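Read through the structure below, which is laid out as structure tokens, and then see the notes.
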Amino acid sequence: MIGVLILRDLRRGFTGAAWLPVAFFLLVATLVPFAVGPDAPLLARIGSGVLWVAALTAALLPIDRLIEPDRADGVLDQLLLHGVAEESVAFAKVVAHWLSFGPLLIVAAIAASALLAMDGQSLARTELALAIGTPGLAALAVAVAALTAGLPRAGSLAGLLLLPLAVPLLIFGAANALPLEAAVSLLLTAGAPFVAGAAIRAART
Amino acid sequence: MTLLRFEQVTLRRGGRTLFEGLDLALGAGECLRVSGPNGSGKSSLIRLAAGLLRAETGQVERSRLALADDHVALDRELPLRRALGFWGGAGDAMAAFGIAHLADVPVRLLSSGQIKRATLARVAGSGAPLWLLDEPLNALDTDAAERLSVAIGRHLSLGGAVLAASHQPLPGDWPVVELGA
């Protein structure tokens, strides 16, 4: 059933606006050279940090579509009646969410690195850090989406919740401290399904 | 064989006691209608029976069940057959509820009555012995109500059980449990 759920969420992600977070990511990367001026050495120095901030904000975009539609439509209730635990639902959503934005983001980072005058070596390091960090980011997004599902102004609240929690990912990712980055990402990925599962249960009225 | 049993169940929601010390049992071939004014806890009782709510005190035992409430729980962009297929498909039940000709129509284009028929077909096609129906007559026309009562009759004769919450009488002979406001 988890496989079926992942496929369903992927289909919904890609028939919906899967390109939106990536477009947003590229847009932020485009704005920075305009904001700081065409100073190639400066851009190259801040490039990896910019990519991380862009990735973080891009991951926020689809957050209100992750859990809330399924909660409001009774899909989460029916899944429980079909014997799928909330944690399994959340795990499937983490996997599907990462698959629908992680790989695209990693490809888009190649284009963004050109805009930021980054050299091949620092691009490769950033790509590796993004590959390690984005699963943690996806897990965090699902957990926050579950915590805020059904609340008024859930979108802005989700941003306030997610961004501080993503700071460790950002620090270790931008500093290229890959073992620490991997540890944080693993912790988030492993913990998020339980947080999201409990939140889904608590939201049931 | 008992398919659903409430023992001294108390349900409190938002600081208000909806019912207290409720006992009920549904065996094979039995049906029961939960009645009562708006806000008396009919839907909550159904959700409690489904295991979606927890009882404050008391025990609820349930067998495998299927639930039709006012949530659609069908992917709106998919054709009806595929949307129902996600839940295991409704097969013959689509014809029984008169929606077989809508199989290739996206769910978002269906009327509320057609969607209600689809959620009932999902329950009928689920193979679960216990059906929980919350306001099953909402949005149904007389033809669909007739089809529902045929489907319920067949389910009961096959040893199933049906618990329905409805403020209006359902076609056929239903024992009633009345909840106070």
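Note on naming: chains are A, B, ... as they come in the structure tokens, residues start from 1 per chain, ligands start from 1 in the order shown.
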#### Entry: chain A residues near chain B (12 Å cut-off, only C-alpha atoms) as a PyMOL selection string
chain A and resi 1+3-5+7-9+11-12+15-16+69-84+86+200-205
For the selection you just gave me, I'd like the residues written to a file as a PDB file, in the first residue's frame, keeping C-alpha atoms.
ATOM      1  CA  MET A   1       0.000   0.000   0.000  1.00  0.00           C
ATOM      2  CA  GLY A   3       4.096   1.954  -2.882  1.00  0.00           C
ATOM      3  CA  VAL A   4       0.609   2.745  -4.187  1.00  0.00           C
ATOM      4  CA  LEU A   5       0.496   5.838  -1.977  1.00  0.00           C
ATOM      5  CA  LEU A   7       2.792   6.601  -6.829  1.00  0.00           C
ATOM      6  CA  ARG A   8      -0.456   8.451  -6.131  1.00  0.00           C
ATOM      7  CA  ASP A   9       1.315  11.402  -4.517  1.00  0.00           C
ATOM      8  CA  ARG A  11       1.144  11.550  -9.930  1.00  0.00           C
ATOM      9  CA  ARG A  12      -0.609  14.344  -8.061  1.00  0.00           C
ATOM     10  CA  THR A  15       0.104  16.692 -12.736  1.00  0.00           C
ATOM     11  CA  GLY A  16      -0.053  19.653 -10.358  1.00  0.00           C
ATOM     12  CA  PRO A  69      -6.250  18.283   0.838  1.00  0.00           C
ATOM     13  CA  ASP A  70      -6.173  14.638   1.925  1.00  0.00           C
ATOM     14  CA  ARG A  71      -7.288  15.523   5.443  1.00  0.00           C
ATOM     15  CA  ALA A  72     -10.152  17.712   4.277  1.00  0.00           C
ATOM     16  CA  ASP A  73     -11.266  15.143   1.707  1.00  0.00           C
ATOM     17  CA  GLY A  74     -11.331  12.243   4.185  1.00  0.00           C
ATOM     18  CA  VAL A  75      -8.561  10.342   2.379  1.00  0.00           C
ATOM     19  CA  LEU A  76      -6.531  10.079   5.601  1.00  0.00           C
ATOM     20  CA  ASP A  77      -9.601   8.622   7.383  1.00  0.00           C
ATOM     21  CA  GLN A  78     -10.209   6.048   4.650  1.00  0.00           C
ATOM     22  CA  LEU A  79      -6.532   5.069   4.675  1.00  0.00           C
ATOM     23  CA  LEU A  80      -6.757   4.314   8.391  1.00  0.00           C
ATOM     24  CA  LEU A  81      -9.878   2.203   7.774  1.00  0.00           C
ATOM     25  CA  HIS A  82      -7.889   0.328   5.124  1.00  0.00           C
ATOM     26  CA  GLY A  83      -5.345  -0.488   7.811  1.00  0.00           C
ATOM     27  CA  VAL A  84      -2.604   1.951   6.788  1.00  0.00           C
ATOM     28  CA  GLU A  86      -0.634   7.331   9.904  1.00  0.00           C
ATOM     29  CA  ILE A 200      -2.554  13.527  11.705  1.00  0.00           C
ATOM     30  CA  ARG A 201      -4.082  11.517  14.555  1.00  0.00           C
ATOM     31  CA  ALA A 202      -4.419  14.577  16.765  1.00  0.00           C
ATOM     32  CA  ALA A 203      -6.077  16.582  13.983  1.00  0.00           C
ATOM     33  CA  ARG A 204      -8.841  14.005  13.590  1.00  0.00           C
ATOM     34  CA  THR A 205     -12.111  15.358  14.928  1.00  0.00           C
TER      35      THR A 205
END
### Query
Taking the backbone alone, and naming residues the way the document does, which bits of region 52-140 of chain B are strand (DSSP E) by DSSP, as a PyMOL selection string?
chain B and resi 57-62+65-68+130-134
### Query
Which residues come within 9 Å of Arg81 (chain B), counting only C-alpha atoms, excluding same-chain residues fewer than 4 positions away, as number ranges by chain?
B: 85-86, 89-91, 94, 100, 102-106
Convert the current residue selection to file output with N, CA and C atoms, as a compact mmCIF listing (two decimals), in the first residue's frame.
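Written out: part_6.txt:
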# COMPACT_ATOMS: atom_id res chain seq x y z
N GLY B 85 -10.80 2.74 -7.98
CA GLY B 85 -9.82 1.65 -8.03
C GLY B 85 -8.73 1.80 -6.98
N PHE B 86 -8.42 3.06 -6.61
CA PHE B 86 -7.41 3.27 -5.57
C PHE B 86 -7.82 2.58 -4.27
N GLY B 89 -11.47 -0.68 -5.85
CA GLY B 89 -12.47 -0.79 -6.91
C GLY B 89 -13.84 -1.11 -6.37
N ALA B 90 -14.85 -0.77 -7.13
CA ALA B 90 -16.22 -1.02 -6.70
C ALA B 90 -16.90 -2.07 -7.57
N GLY B 91 -16.31 -2.37 -8.73
CA GLY B 91 -16.80 -3.45 -9.60
C GLY B 91 -18.29 -3.39 -9.85
N MET B 94 -20.73 -0.41 -8.87
CA MET B 94 -20.95 0.79 -9.70
C MET B 94 -22.25 0.64 -10.48
N ALA B 100 -22.28 3.15 -13.52
CA ALA B 100 -21.33 2.44 -14.40
C ALA B 100 -21.02 3.27 -15.65
N LEU B 102 -20.60 6.31 -15.83
CA LEU B 102 -19.76 7.47 -15.49
C LEU B 102 -18.30 7.06 -15.27
N ALA B 103 -17.98 5.78 -15.54
CA ALA B 103 -16.66 5.25 -15.18
C ALA B 103 -15.50 6.10 -15.71
N ASP B 104 -15.68 6.69 -16.91
CA ASP B 104 -14.56 7.42 -17.51
C ASP B 104 -14.65 8.93 -17.31
N VAL B 105 -15.61 9.36 -16.50
CA VAL B 105 -15.77 10.80 -16.27
C VAL B 105 -14.93 11.20 -15.05
N PRO B 106 -14.15 12.27 -15.17
CA PRO B 106 -13.37 12.72 -14.00
C PRO B 106 -14.28 13.07 -12.83
### Task
Quick one: pull the distance between CA of Ala196 (chain A) and CA of Arg82 (chain B), Å, one decimal.
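These two atoms are separated by 27.6 Å.
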### Message
Neighbouring residues of Pro37 (chain B) were defined as those with any atom within 9 Å, considering only C-alpha atoms; residues of the same chain fewer than 3 positions away were excluded. Please report them as a list in words.
### Response
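Final neighbour list, sorted by chain and number: Ser40, Gly41, Lys42, His167, Leu179, Gly180 and Ala181 of chain B.
Taking only C-alpha atoms into account, Gly47 (chain A) lies nearest to A:Leu116 out of the set A:Leu116, A:Ala149, A:Ala158, A:Leu104.
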### Task
Could you tell me which of A:Ala55, A:Leu165, A:Leu60, A:Leu187 comes closest to Glu127 (chain A) if we count only C-alpha atoms?
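With only C-alpha atoms as the atom set, the closest residue is A:Ala55.
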### Task
Could you tell me which of A:Leu27, A:Val184, A:Ala90, A:Val22 comes closest to Pro62 (chain A) if we count only C-alpha atoms?
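For Pro62 (chain A), the nearest of the candidates is A:Val22.
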Would you mind listing what lies within 7 Å of Glu20 (chain B) as a short mmCIF file (atom, residue, chain, number, x, y, z; two decimals) with C-alpha atoms, in the first residue's frame, with only C-alpha atoms counted and same-chain residues fewer than 5 positions away left out?
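Written file, result_18.cif:
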data_model
loop_
_atom_site.label_atom_id
_atom_site.label_comp_id
_atom_site.auth_asym_id
_atom_site.auth_seq_id
_atom_site.Cartn_x
_atom_site.Cartn_y
_atom_site.Cartn_z
CA VAL B 9 -19.49 4.03 25.84
CA THR B 10 -19.27 7.68 26.77
CA LEU B 11 -18.24 10.27 24.21
#
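Closest to Arg45 (chain A) among A:Leu170, A:Ala146, A:Met118, A:Leu128 is A:Met118, based on only C-alpha atoms.
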### Query
Closest to Ala28 (chain B) among B:Thr2, B:Asn138, B:Ser166, B:Gln59, using only C-alpha atoms?
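Among B:Thr2, B:Asn138, B:Ser166, B:Gln59, it is B:Thr2 that comes nearest to Ala28 (chain B).
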### Task
Give me, please, the distance in Å between CA of Leu43 (chain A) and CA of Leu115 (chain A), quoted to one decimal.
8.7 Å
